[in-house]
Amino acid sequence: MNNLARLRLHDLAPEQQDFRAAVLEGLARPHKSLPCKFFYDAAGSALFDEICELPEYYPTRTEVDILRRAAAQIAELAGYGGVLIEYGSGSSIKTRLLLDALAPAVYMPIDISREHMLAACHTLSRDYPQLHLMAVCADYTRPLRLPRVDRGGQRKLAFFPGSSIGNFTPLEALRFLKNIAQALAPGDGLVVGVDRKKDPAILQAAYDDAAGVTAAFNLNLLARCNRELGADFDLTGFAHKAFYNAAAGRVEMHMESLRAQTVHVAGQAFSFALGETIHTENSHKYDLSEFQHLATQAGFRLLKTWSDDANLFSVVSLQRS
């Protein structure tokens, strides 16, 4: 069988007007904001891959090290074969550790960036010739009905790596976990990457790197508005701003206006004062007890937790109750 014959694409991607509507609504708010899910066009996804390689950005390498140690135990808990469902698959780098350990029959990556996901799927199709791939291009932050997998009786394992659970507010995270629970049957598993609370200096460096890659990633959202919505953002008029909000337990990313200016987007004008910001991302950090409480409320029970020696990051294995 041709490798690509084992790849099926279910295209549920948001329409262009969804991006337009979100930008116009966000810029019209008293405190301007843009949803972080729109970071991940082709350019943004490539920049995020660069971020993951930065020396300051500990989450990726720390989680990979944890998964290398934990993959065999995850497979024992989740069961071999079956269906592996990954939310926010990106380049699927961490996925390979679970593919090797679980040897699933089906891999279902879900990502909003179609081109980035398909490129990763083509590589996986070549490297795992027995694997069936069901790629889903969709906004997984919304309620999502996954395509039916005709593998009766086989268990599913959902995988949500990185620190992406932190991009949700705690209430949003609870809703998201409940959505995942609805896609699973009792006894199915979920493995989540959880970024831990830690020294704010470590967090500051991770989200405001010396090379400026995170700044370019943040500002690419304005460039995307220019490319796709005919906006006239002057990228030199905005600066990346990231800081740890201790009271909220989260890192915040903003773009700060460096002068008073007016920007036009899709025929509408938006004024910015000097120092006014566009809030683009939150990244909540959790104590493990806080995250376990969320998971329990969503219908999961804790099976096992793995962490690095410095307790920077944890990988949590859960089971659908």
# chains A, B, ... in the order shown; residues from 1 in each chain; ligands from 1

call {"tool": "select_by_dssp", "arguments": {"residues": "stretch 21-212 of chain A", "states": "strand (DSSP E or B)", "output": "mmCIF file with N, CA and C atoms, in the first residue's frame"}}
result
data_model
loop_
_atom_site.group_PDB
_atom_site.id
_atom_site.type_symbol
_atom_site.label_atom_id
_atom_site.label_comp_id
_atom_site.auth_asym_id
_atom_site.auth_seq_id
_atom_site.Cartn_x
_atom_site.Cartn_y
_atom_site.Cartn_z
ATOM 1 N N SER A 33 -7.100 42.318 22.876
ATOM 2 C CA SER A 33 -6.537 40.969 22.962
ATOM 3 C C SER A 33 -6.770 40.248 21.645
ATOM 4 N N VAL A 83 -5.668 3.320 19.531
ATOM 5 C CA VAL A 83 -5.729 4.598 18.827
ATOM 6 C C VAL A 83 -5.056 5.668 19.679
ATOM 7 N N LEU A 84 -4.101 6.382 19.096
ATOM 8 C CA LEU A 84 -3.436 7.505 19.759
ATOM 9 C C LEU A 84 -3.964 8.794 19.156
ATOM 10 N N ILE A 85 -4.563 9.638 19.996
ATOM 11 C CA ILE A 85 -5.146 10.912 19.562
ATOM 12 C C ILE A 85 -4.324 12.038 20.170
ATOM 13 N N GLU A 86 -3.759 12.889 19.336
ATOM 14 C CA GLU A 86 -2.925 13.978 19.850
ATOM 15 C C GLU A 86 -3.561 15.324 19.549
ATOM 16 N N TYR A 87 -3.766 16.102 20.585
ATOM 17 C CA TYR A 87 -4.324 17.447 20.459
ATOM 18 C C TYR A 87 -3.169 18.450 20.326
ATOM 19 N N VAL A 106 -3.739 3.198 14.919
ATOM 20 C CA VAL A 106 -4.189 4.455 14.322
ATOM 21 C C VAL A 106 -3.593 5.624 15.111
ATOM 22 N N TYR A 107 -3.134 6.623 14.377
ATOM 23 C CA TYR A 107 -2.690 7.879 14.992
ATOM 24 C C TYR A 107 -3.559 8.995 14.424
ATOM 25 N N MET A 108 -4.180 9.777 15.344
ATOM 26 C CA MET A 108 -5.060 10.866 14.936
ATOM 27 C C MET A 108 -4.508 12.186 15.465
ATOM 28 N N PRO A 109 -3.710 12.896 14.673
ATOM 29 C CA PRO A 109 -3.252 14.222 15.090
ATOM 30 C C PRO A 109 -4.329 15.264 14.827
ATOM 31 N N ILE A 110 -4.464 16.217 15.752
ATOM 32 C CA ILE A 110 -5.435 17.304 15.608
ATOM 33 C C ILE A 110 -4.671 18.614 15.724
ATOM 34 N N ASP A 111 -4.743 19.449 14.696
ATOM 35 C CA ASP A 111 -4.000 20.706 14.738
ATOM 36 C C ASP A 111 -4.683 21.722 13.839
ATOM 37 N N HIS A 132 -1.869 3.708 10.436
ATOM 38 C CA HIS A 132 -2.916 4.445 9.741
ATOM 39 C C HIS A 132 -3.052 5.823 10.388
ATOM 40 N N LEU A 133 -3.060 6.860 9.556
ATOM 41 C CA LEU A 133 -3.123 8.232 10.053
ATOM 42 C C LEU A 133 -4.453 8.861 9.672
ATOM 43 N N MET A 134 -5.124 9.434 10.652
ATOM 44 C CA MET A 134 -6.373 10.160 10.433
ATOM 45 C C MET A 134 -6.155 11.590 10.913
ATOM 46 N N ALA A 135 -5.651 12.446 10.037
ATOM 47 C CA ALA A 135 -5.313 13.815 10.403
ATOM 48 C C ALA A 135 -6.577 14.666 10.457
ATOM 49 N N VAL A 136 -6.702 15.455 11.522
ATOM 50 C CA VAL A 136 -7.867 16.319 11.708
ATOM 51 C C VAL A 136 -7.389 17.768 11.802
ATOM 52 N N CYS A 137 -7.715 18.559 10.805
ATOM 53 C CA CYS A 137 -7.392 19.989 10.854
ATOM 54 C C CYS A 137 -8.580 20.694 11.493
ATOM 55 N N ALA A 138 -8.386 21.189 12.711
ATOM 56 C CA ALA A 138 -9.502 21.753 13.459
ATOM 57 C C ALA A 138 -8.996 22.622 14.593
ATOM 58 N N LYS A 156 -8.392 3.894 23.458
ATOM 59 C CA LYS A 156 -7.855 5.150 22.959
ATOM 60 C C LYS A 156 -6.979 5.792 24.032
ATOM 61 N N LEU A 157 -5.940 6.463 23.566
ATOM 62 C CA LEU A 157 -5.117 7.285 24.446
ATOM 63 C C LEU A 157 -5.036 8.672 23.845
ATOM 64 N N ALA A 158 -5.537 9.664 24.560
ATOM 65 C CA ALA A 158 -5.406 11.055 24.141
ATOM 66 C C ALA A 158 -4.102 11.607 24.699
ATOM 67 N N PHE A 159 -3.464 12.476 23.933
ATOM 68 C CA PHE A 159 -2.143 13.004 24.281
ATOM 69 C C PHE A 159 -2.172 14.508 24.061
ATOM 70 N N PHE A 160 -1.858 15.252 25.109
ATOM 71 C CA PHE A 160 -1.841 16.720 25.021
ATOM 72 C C PHE A 160 -0.527 17.203 25.630
ATOM 73 N N GLY A 189 -7.387 6.441 28.178
ATOM 74 C CA GLY A 189 -6.397 7.243 28.884
ATOM 75 C C GLY A 189 -6.183 8.630 28.301
ATOM 76 N N LEU A 190 -5.548 9.480 29.091
ATOM 77 C CA LEU A 190 -5.132 10.820 28.680
ATOM 78 C C LEU A 190 -3.787 11.102 29.325
ATOM 79 N N VAL A 191 -2.822 11.528 28.518
ATOM 80 C CA VAL A 191 -1.509 11.936 29.004
ATOM 81 C C VAL A 191 -1.334 13.417 28.705
ATOM 82 N N VAL A 192 -1.039 14.199 29.742
ATOM 83 C CA VAL A 192 -0.977 15.654 29.624
ATOM 84 C C VAL A 192 0.370 16.161 30.138
ATOM 85 N N GLY A 193 0.937 17.121 29.414
ATOM 86 C CA GLY A 193 2.105 17.837 29.899
ATOM 87 C C GLY A 193 1.669 19.024 30.736
ATOM 88 N N VAL A 194 2.264 19.180 31.922
ATOM 89 C CA VAL A 194 1.865 20.237 32.850
ATOM 90 C C VAL A 194 3.103 21.018 33.277
ATOM 91 N N ASP A 195 3.111 22.321 32.997
ATOM 92 C CA ASP A 195 4.218 23.177 33.404
ATOM 93 C C ASP A 195 4.000 23.598 34.857
ATOM 94 N N ARG A 196 5.022 23.421 35.667
ATOM 95 C CA ARG A 196 4.900 23.629 37.100
ATOM 96 C C ARG A 196 5.212 25.079 37.489
#

call {"tool": "residues_around", "arguments": {"residues": "A:Pro170", "least_positions_apart": "6", "cutoff": "12 Å", "atoms": "only C-alpha atoms", "output": "list in words"}}
result
Phe176, Leu177, Ala248, Gly249, Arg250, Asn282, Ser283, His284, Lys285, Tyr286, Glu290, Phe291, Gln292, His293, Leu294, Ala295, Gln297 and Ala298 of chain A

call {"tool": "write_last_selection", "arguments": {"atoms": "N, CA and C atoms", "output": "JSON list (two decimals), in the first residue's frame"}}
result
[["chain", "number", "residue", "atom", "x", "y", "z"],
["A", 176, "PHE", "N", -12.21, 22.10, 28.49],
["A", 176, "PHE", "CA", -11.45, 21.36, 27.48],
["A", 176, "PHE", "C", -11.25, 19.91, 27.90],
["A", 177, "LEU", "N", -10.89, 19.69, 29.16],
["A", 177, "LEU", "CA", -10.71, 18.32, 29.64],
["A", 177, "LEU", "C", -12.02, 17.55, 29.60],
["A", 248, "ALA", "N", -2.07, 35.71, 39.39],
["A", 248, "ALA", "CA", -2.87, 34.82, 38.54],
["A", 248, "ALA", "C", -2.18, 33.50, 38.27],
["A", 249, "GLY", "N", -0.89, 33.38, 38.66],
["A", 249, "GLY", "CA", -0.15, 32.15, 38.43],
["A", 249, "GLY", "C", 0.09, 31.86, 36.97],
["A", 250, "ARG", "N", 0.40, 32.90, 36.19],
["A", 250, "ARG", "CA", 0.56, 32.70, 34.76],
["A", 250, "ARG", "C", 1.58, 33.66, 34.17],
["A", 282, "ASN", "N", -1.85, 33.71, 27.54],
["A", 282, "ASN", "CA", -1.59, 33.35, 28.93],
["A", 282, "ASN", "C", -0.99, 31.96, 28.95],
["A", 283, "SER", "N", -0.12, 31.72, 29.89],
["A", 283, "SER", "CA", 0.42, 30.38, 30.10],
["A", 283, "SER", "C", 0.40, 30.11, 31.60],
["A", 284, "HIS", "N", -0.71, 29.49, 32.05],
["A", 284, "HIS", "CA", -0.87, 29.20, 33.47],
["A", 284, "HIS", "C", 0.06, 28.08, 33.91],
["A", 285, "LYS", "N", 0.59, 28.23, 35.09],
["A", 285, "LYS", "CA", 1.45, 27.22, 35.70],
["A", 285, "LYS", "C", 0.71, 26.59, 36.88],
["A", 286, "TYR", "N", 0.94, 25.30, 37.09],
["A", 286, "TYR", "CA", 0.14, 24.57, 38.07],
["A", 286, "TYR", "C", 1.00, 23.87, 39.12],
["A", 290, "GLU", "N", -3.30, 21.22, 42.13],
["A", 290, "GLU", "CA", -4.26, 22.04, 41.40],
["A", 290, "GLU", "C", -4.70, 21.34, 40.12],
["A", 291, "PHE", "N", -3.73, 20.77, 39.40],
["A", 291, "PHE", "CA", -4.09, 20.11, 38.15],
["A", 291, "PHE", "C", -4.88, 18.83, 38.40],
["A", 292, "GLN", "N", -4.52, 18.08, 39.42],
["A", 292, "GLN", "CA", -5.26, 16.86, 39.72],
["A", 292, "GLN", "C", -6.72, 17.18, 40.05],
["A", 293, "HIS", "N", -6.94, 18.29, 40.75],
["A", 293, "HIS", "CA", -8.31, 18.69, 41.07],
["A", 293, "HIS", "C", -9.09, 18.98, 39.79],
["A", 294, "LEU", "N", -8.47, 19.68, 38.83],
["A", 294, "LEU", "CA", -9.12, 19.95, 37.55],
["A", 294, "LEU", "C", -9.48, 18.65, 36.84],
["A", 295, "ALA", "N", -8.51, 17.73, 36.78],
["A", 295, "ALA", "CA", -8.72, 16.48, 36.07],
["A", 295, "ALA", "C", -9.84, 15.65, 36.69],
["A", 297, "GLN", "N", -12.40, 16.81, 38.41],
["A", 297, "GLN", "CA", -13.66, 17.47, 38.08],
["A", 297, "GLN", "C", -14.12, 17.15, 36.66],
["A", 298, "ALA", "N", -13.15, 16.93, 35.76],
["A", 298, "ALA", "CA", -13.47, 16.66, 34.36],
["A", 298, "ALA", "C", -13.84, 15.21, 34.09]]

call {"tool": "residues_around", "arguments": {"residues": "A:Ala205", "least_positions_apart": "2", "cutoff": "12 Å", "atoms": "only C-alpha atoms", "output": "number ranges by chain"}}
result
A: 51, 54-59, 199-203, 207-215, 241-244, 251

call {"tool": "write_last_selection", "arguments": {"atoms": "C-alpha atoms", "output": "tab-separated table (two decimals), in the first residue's frame"}}
result
chain	number	residue	atom	x	y	z
A	51	ILE	CA	11.41	28.38	20.19
A	54	LEU	CA	16.12	27.63	22.46
A	55	PRO	CA	18.35	27.16	25.52
A	56	GLU	CA	15.99	29.26	27.66
A	57	TYR	CA	12.90	27.29	26.67
A	58	TYR	CA	13.02	24.37	29.11
A	59	PRO	CA	9.53	22.83	28.55
A	199	ASP	CA	11.22	30.68	39.95
A	200	PRO	CA	9.80	33.62	37.94
A	201	ALA	CA	13.26	34.32	36.52
A	202	ILE	CA	13.23	30.95	34.74
A	203	LEU	CA	9.80	31.73	33.30
A	207	TYR	CA	9.13	33.62	27.28
A	208	ASP	CA	11.48	36.48	26.40
A	209	ASP	CA	14.57	34.80	24.94
A	210	ALA	CA	17.80	36.62	24.20
A	211	ALA	CA	17.68	35.79	20.48
A	212	GLY	CA	14.25	37.39	20.07
A	213	VAL	CA	12.57	34.34	18.55
A	214	THR	CA	9.59	34.54	20.90
A	215	ALA	CA	9.26	38.22	20.05
A	241	LYS	CA	6.32	42.06	26.30
A	242	ALA	CA	6.23	39.00	28.58
A	243	PHE	CA	6.04	38.79	32.37
A	244	TYR	CA	4.95	36.49	35.18
A	251	VAL	CA	2.97	34.13	32.23

call {"tool": "select_by_dssp", "arguments": {"residues": "stretch 70-285 of chain A", "states": "alpha helix (DSSP H)", "output": "compact mmCIF listing (two decimals) with N, CA and C atoms, in the first residue's frame"}}
result
# COMPACT_ATOMS: atom_id res chain seq x y z
N ALA A 70 9.40 7.63 30.66
CA ALA A 70 8.07 7.18 31.06
C ALA A 70 7.32 6.41 29.98
N ALA A 71 7.80 6.41 28.74
CA ALA A 71 7.01 5.87 27.63
C ALA A 71 6.59 4.43 27.85
N ALA A 72 7.49 3.60 28.34
CA ALA A 72 7.15 2.18 28.54
C ALA A 72 6.06 2.03 29.59
N GLN A 73 6.14 2.82 30.65
CA GLN A 73 5.11 2.76 31.69
C GLN A 73 3.77 3.31 31.19
N ILE A 74 3.84 4.35 30.37
CA ILE A 74 2.61 4.89 29.77
C ILE A 74 1.93 3.82 28.94
N ALA A 75 2.72 3.07 28.16
CA ALA A 75 2.16 2.01 27.32
C ALA A 75 1.53 0.91 28.18
N GLU A 76 2.16 0.57 29.29
CA GLU A 76 1.60 -0.45 30.18
C GLU A 76 0.26 0.00 30.76
N LEU A 77 0.18 1.28 31.12
CA LEU A 77 -1.04 1.81 31.70
C LEU A 77 -2.15 1.96 30.66
N ALA A 78 -1.78 2.40 29.46
CA ALA A 78 -2.77 2.72 28.43
C ALA A 78 -3.16 1.51 27.59
N THR A 95 5.56 12.73 19.81
CA THR A 95 4.66 11.63 19.47
C THR A 95 5.43 10.35 19.19
N ARG A 96 6.58 10.47 18.57
CA ARG A 96 7.35 9.28 18.19
C ARG A 96 7.69 8.41 19.39
N LEU A 97 7.91 9.04 20.53
CA LEU A 97 8.22 8.26 21.72
C LEU A 97 7.05 7.37 22.11
N LEU A 98 5.82 7.89 21.96
CA LEU A 98 4.64 7.08 22.27
C LEU A 98 4.32 6.10 21.14
N LEU A 99 4.54 6.50 19.88
CA LEU A 99 4.33 5.57 18.77
C LEU A 99 5.23 4.35 18.93
N ASP A 100 6.47 4.57 19.31
CA ASP A 100 7.40 3.45 19.48
C ASP A 100 6.99 2.55 20.65
N ALA A 101 6.48 3.17 21.73
CA ALA A 101 6.15 2.40 22.93
C ALA A 101 4.80 1.69 22.80
N LEU A 102 3.79 2.36 22.23
CA LEU A 102 2.44 1.81 22.18
C LEU A 102 2.16 0.99 20.92
N ARG A 114 -2.84 23.30 9.07
CA ARG A 114 -2.98 22.18 8.14
C ARG A 114 -1.65 21.78 7.51
N GLU A 115 -0.93 22.76 6.96
CA GLU A 115 0.30 22.44 6.22
C GLU A 115 1.35 21.84 7.15
N HIS A 116 1.48 22.41 8.33
CA HIS A 116 2.48 21.92 9.28
C HIS A 116 2.15 20.49 9.69
N MET A 117 0.89 20.22 9.97
CA MET A 117 0.47 18.89 10.38
C MET A 117 0.66 17.87 9.27
N LEU A 118 0.27 18.22 8.06
CA LEU A 118 0.39 17.28 6.95
C LEU A 118 1.85 16.96 6.64
N ALA A 119 2.72 17.96 6.76
CA ALA A 119 4.15 17.69 6.54
C ALA A 119 4.66 16.67 7.55
N ALA A 120 4.25 16.82 8.82
CA ALA A 120 4.65 15.86 9.84
C ALA A 120 4.05 14.49 9.56
N CYS A 121 2.80 14.45 9.11
CA CYS A 121 2.15 13.17 8.81
C CYS A 121 2.83 12.44 7.66
N HIS A 122 3.25 13.16 6.66
CA HIS A 122 3.94 12.52 5.54
C HIS A 122 5.23 11.85 6.01
N THR A 123 5.94 12.51 6.92
CA THR A 123 7.17 11.92 7.46
C THR A 123 6.84 10.70 8.31
N LEU A 124 5.83 10.80 9.14
CA LEU A 124 5.45 9.66 9.99
C LEU A 124 4.97 8.49 9.14
N SER A 125 4.24 8.77 8.07
CA SER A 125 3.76 7.71 7.19
C SER A 125 4.91 6.93 6.58
N ARG A 126 5.98 7.62 6.28
CA ARG A 126 7.17 6.96 5.74
C ARG A 126 7.89 6.14 6.80
N ASP A 127 7.99 6.70 8.01
CA ASP A 127 8.78 6.07 9.07
C ASP A 127 8.03 4.97 9.81
N PRO A 170 -8.19 28.44 34.04
CA PRO A 170 -8.59 27.20 34.72
C PRO A 170 -10.00 26.73 34.35
N LEU A 171 -10.95 27.66 34.19
CA LEU A 171 -12.30 27.27 33.80
C LEU A 171 -12.32 26.72 32.38
N GLU A 172 -11.59 27.37 31.48
CA GLU A 172 -11.49 26.87 30.11
C GLU A 172 -10.81 25.51 30.06
N ALA A 173 -9.77 25.34 30.90
CA ALA A 173 -9.07 24.06 30.96
C ALA A 173 -10.01 22.95 31.40
N LEU A 174 -10.86 23.26 32.37
CA LEU A 174 -11.84 22.27 32.83
C LEU A 174 -12.79 21.89 31.69
N ARG A 175 -13.27 22.88 30.96
CA ARG A 175 -14.17 22.60 29.83
C ARG A 175 -13.46 21.77 28.76
N PHE A 176 -12.21 22.10 28.49
CA PHE A 176 -11.45 21.36 27.48
C PHE A 176 -11.25 19.91 27.90
N LEU A 177 -10.89 19.69 29.16
CA LEU A 177 -10.71 18.32 29.64
C LEU A 177 -12.02 17.55 29.60
N LYS A 178 -13.13 18.22 29.87
CA LYS A 178 -14.44 17.56 29.76
C LYS A 178 -14.73 17.19 28.31
N ASN A 179 -14.34 18.05 27.37
CA ASN A 179 -14.53 17.73 25.95
C ASN A 179 -13.73 16.49 25.56
N ILE A 180 -12.49 16.39 26.07
CA ILE A 180 -11.70 15.20 25.79
C ILE A 180 -12.36 13.97 26.40
N ALA A 181 -12.83 14.12 27.63
CA ALA A 181 -13.48 12.99 28.30
C ALA A 181 -14.67 12.47 27.49
N GLN A 182 -15.41 13.39 26.85
CA GLN A 182 -16.56 12.98 26.05
C GLN A 182 -16.15 12.21 24.81
N ALA A 183 -14.91 12.43 24.34
CA ALA A 183 -14.42 11.72 23.16
C ALA A 183 -13.85 10.34 23.51
N PRO A 200 10.22 32.74 39.03
CA PRO A 200 9.80 33.62 37.94
C PRO A 200 10.92 33.98 36.97
N ALA A 201 12.15 33.98 37.42
CA ALA A 201 13.26 34.32 36.52
C ALA A 201 13.41 33.27 35.42
N ILE A 202 13.17 32.02 35.74
CA ILE A 202 13.23 30.95 34.74
C ILE A 202 12.11 31.14 33.71
N LEU A 203 10.94 31.50 34.20
CA LEU A 203 9.80 31.73 33.30
C LEU A 203 10.03 32.94 32.41
N GLN A 204 10.58 34.01 32.99
CA GLN A 204 10.82 35.23 32.22
C GLN A 204 11.75 34.95 31.05
N ALA A 205 12.82 34.21 31.32
CA ALA A 205 13.78 33.90 30.25
C ALA A 205 13.15 33.01 29.19
N ALA A 206 12.29 32.08 29.60
CA ALA A 206 11.68 31.15 28.65
C ALA A 206 10.75 31.85 27.68
N TYR A 207 10.11 32.94 28.12
CA TYR A 207 9.13 33.62 27.28
C TYR A 207 9.63 34.95 26.72
N VAL A 213 13.43 35.20 19.35
CA VAL A 213 12.57 34.34 18.55
C VAL A 213 11.12 34.40 19.04
N THR A 214 10.95 34.43 20.36
CA THR A 214 9.59 34.54 20.90
C THR A 214 8.95 35.88 20.53
N ALA A 215 9.77 36.91 20.50
CA ALA A 215 9.26 38.22 20.05
C ALA A 215 8.78 38.14 18.61
N ALA A 216 9.56 37.49 17.76
CA ALA A 216 9.16 37.35 16.35
C ALA A 216 7.89 36.51 16.23
N PHE A 217 7.77 35.48 17.05
CA PHE A 217 6.58 34.63 17.08
C PHE A 217 5.35 35.45 17.46
N ASN A 218 5.48 36.28 18.48
CA ASN A 218 4.38 37.11 18.92
C ASN A 218 3.98 38.12 17.84
N LEU A 219 4.97 38.81 17.29
CA LEU A 219 4.71 39.84 16.28
C LEU A 219 4.20 39.26 14.97
N ASN A 220 4.48 37.98 14.74
CA ASN A 220 3.96 37.35 13.51
C ASN A 220 2.44 37.36 13.47
N LEU A 221 1.81 37.44 14.63
CA LEU A 221 0.35 37.51 14.64
C LEU A 221 -0.13 38.80 13.98
N LEU A 222 0.60 39.90 14.20
CA LEU A 222 0.26 41.15 13.51
C LEU A 222 0.58 41.05 12.02
N ALA A 223 1.70 40.40 11.72
CA ALA A 223 2.04 40.20 10.30
C ALA A 223 0.99 39.35 9.61
N ARG A 224 0.44 38.37 10.31
CA ARG A 224 -0.62 37.55 9.73
C ARG A 224 -1.86 38.41 9.44
N CYS A 225 -2.18 39.31 10.35
CA CYS A 225 -3.30 40.24 10.10
C CYS A 225 -3.06 41.05 8.84
N ASN A 226 -1.82 41.49 8.66
CA ASN A 226 -1.48 42.25 7.45
C ASN A 226 -1.65 41.38 6.20
N ARG A 227 -1.14 40.14 6.27
CA ARG A 227 -1.17 39.26 5.10
C ARG A 227 -2.60 38.84 4.74
N GLU A 228 -3.38 38.49 5.73
CA GLU A 228 -4.66 37.83 5.47
C GLU A 228 -5.87 38.76 5.55
N LEU A 229 -5.72 39.85 6.30
CA LEU A 229 -6.88 40.74 6.51
C LEU A 229 -6.67 42.13 5.93

call {"tool": "atom_distance", "arguments": {"atom1": "atom CA of A:Val23", "atom2": "atom CA of A:Ser89"}}
result
24.3 Å

call {"tool": "atom_distance", "arguments": {"atom1": "atom CA of A:Ala46", "atom2": "atom CA of A:Ile66"}}
result
24.0 Å

call {"tool": "atom_distance", "arguments": {"atom1": "atom CA of A:Ser271", "atom2": "atom CA of A:Asn245"}}
result
26.1 Å

call {"tool": "closest_residue", "arguments": {"among": "A:Arg68, A:Gln261, A:Glu256, A:Ala28", "to": "A:Glu276", "atoms": "only C-alpha atoms"}}
result
A:Glu256

call {"tool": "residues_around", "arguments": {"residues": "A:Asp232", "least_positions_apart": "4", "cutoff": "7 Å", "atoms": "only C-alpha atoms", "output": "number ranges by chain"}}
result
A: 226, 263-265

call {"tool": "closest_residue", "arguments": {"among": "A:Ile112, A:Leu34, A:Leu9, A:Val316", "to": "A:His254", "atoms": "only C-alpha atoms"}}
result
A:Leu34

call {"tool": "decode", "arguments": {"residues": "stretch 268-286 of chain A", "atoms": "N, CA and C atoms", "output": "JSON list (two decimals), in the first residue's frame"}}
result
[["chain", "number", "residue", "atom", "x", "y", "z"],
["A", 268, "GLN", "N", -11.75, 48.76, 9.32],
["A", 268, "GLN", "CA", -12.04, 49.41, 10.59],
["A", 268, "GLN", "C", -10.77, 49.99, 11.19],
["A", 269, "ALA", "N", -10.91, 51.10, 11.90],
["A", 269, "ALA", "CA", -9.76, 51.79, 12.50],
["A", 269, "ALA", "C", -9.72, 51.53, 14.00],
["A", 270, "PHE", "N", -8.51, 51.30, 14.50],
["A", 270, "PHE", "CA", -8.30, 51.05, 15.92],
["A", 270, "PHE", "C", -7.16, 51.93, 16.41],
["A", 271, "SER", "N", -7.43, 52.73, 17.45],
["A", 271, "SER", "CA", -6.42, 53.64, 18.00],
["A", 271, "SER", "C", -5.67, 52.98, 19.14],
["A", 272, "PHE", "N", -4.37, 53.26, 19.19],
["A", 272, "PHE", "CA", -3.51, 52.76, 20.26],
["A", 272, "PHE", "C", -2.83, 53.95, 20.93],
["A", 273, "ALA", "N", -2.85, 53.97, 22.25],
["A", 273, "ALA", "CA", -2.10, 54.96, 23.00],
["A", 273, "ALA", "C", -0.68, 54.44, 23.21],
["A", 274, "LEU", "N", 0.25, 55.34, 23.49],
["A", 274, "LEU", "CA", 1.60, 54.94, 23.85],
["A", 274, "LEU", "C", 1.54, 54.00, 25.06],
["A", 275, "GLY", "N", 2.15, 52.83, 24.95],
["A", 275, "GLY", "CA", 2.18, 51.87, 26.05],
["A", 275, "GLY", "C", 0.99, 50.94, 26.13],
["A", 276, "GLU", "N", -0.03, 51.16, 25.30],
["A", 276, "GLU", "CA", -1.20, 50.27, 25.29],
["A", 276, "GLU", "C", -0.78, 48.92, 24.70],
["A", 277, "THR", "N", -1.38, 47.85, 25.20],
["A", 277, "THR", "CA", -0.96, 46.52, 24.76],
["A", 277, "THR", "C", -2.11, 45.72, 24.14],
["A", 278, "ILE", "N", -1.70, 44.74, 23.34],
["A", 278, "ILE", "CA", -2.61, 43.68, 22.87],
["A", 278, "ILE", "C", -2.19, 42.41, 23.62],
["A", 279, "HIS", "N", -3.09, 41.87, 24.39],
["A", 279, "HIS", "CA", -2.82, 40.66, 25.17],
["A", 279, "HIS", "C", -2.99, 39.45, 24.24],
["A", 280, "THR", "N", -1.93, 38.68, 24.04],
["A", 280, "THR", "CA", -1.97, 37.59, 23.06],
["A", 280, "THR", "C", -1.94, 36.20, 23.67],
["A", 281, "GLU", "N", -1.40, 36.04, 24.86],
["A", 281, "GLU", "CA", -1.33, 34.67, 25.40],
["A", 281, "GLU", "C", -1.21, 34.69, 26.91],
["A", 282, "ASN", "N", -1.85, 33.71, 27.54],
["A", 282, "ASN", "CA", -1.59, 33.35, 28.93],
["A", 282, "ASN", "C", -0.99, 31.96, 28.95],
["A", 283, "SER", "N", -0.12, 31.72, 29.89],
["A", 283, "SER", "CA", 0.42, 30.38, 30.10],
["A", 283, "SER", "C", 0.40, 30.11, 31.60],
["A", 284, "HIS", "N", -0.71, 29.49, 32.05],
["A", 284, "HIS", "CA", -0.87, 29.20, 33.47],
["A", 284, "HIS", "C", 0.06, 28.08, 33.91],
["A", 285, "LYS", "N", 0.59, 28.23, 35.09],
["A", 285, "LYS", "CA", 1.45, 27.22, 35.70],
["A", 285, "LYS", "C", 0.71, 26.59, 36.88],
["A", 286, "TYR", "N", 0.94, 25.30, 37.09],
["A", 286, "TYR", "CA", 0.14, 24.57, 38.07],
["A", 286, "TYR", "C", 1.00, 23.87, 39.12]]
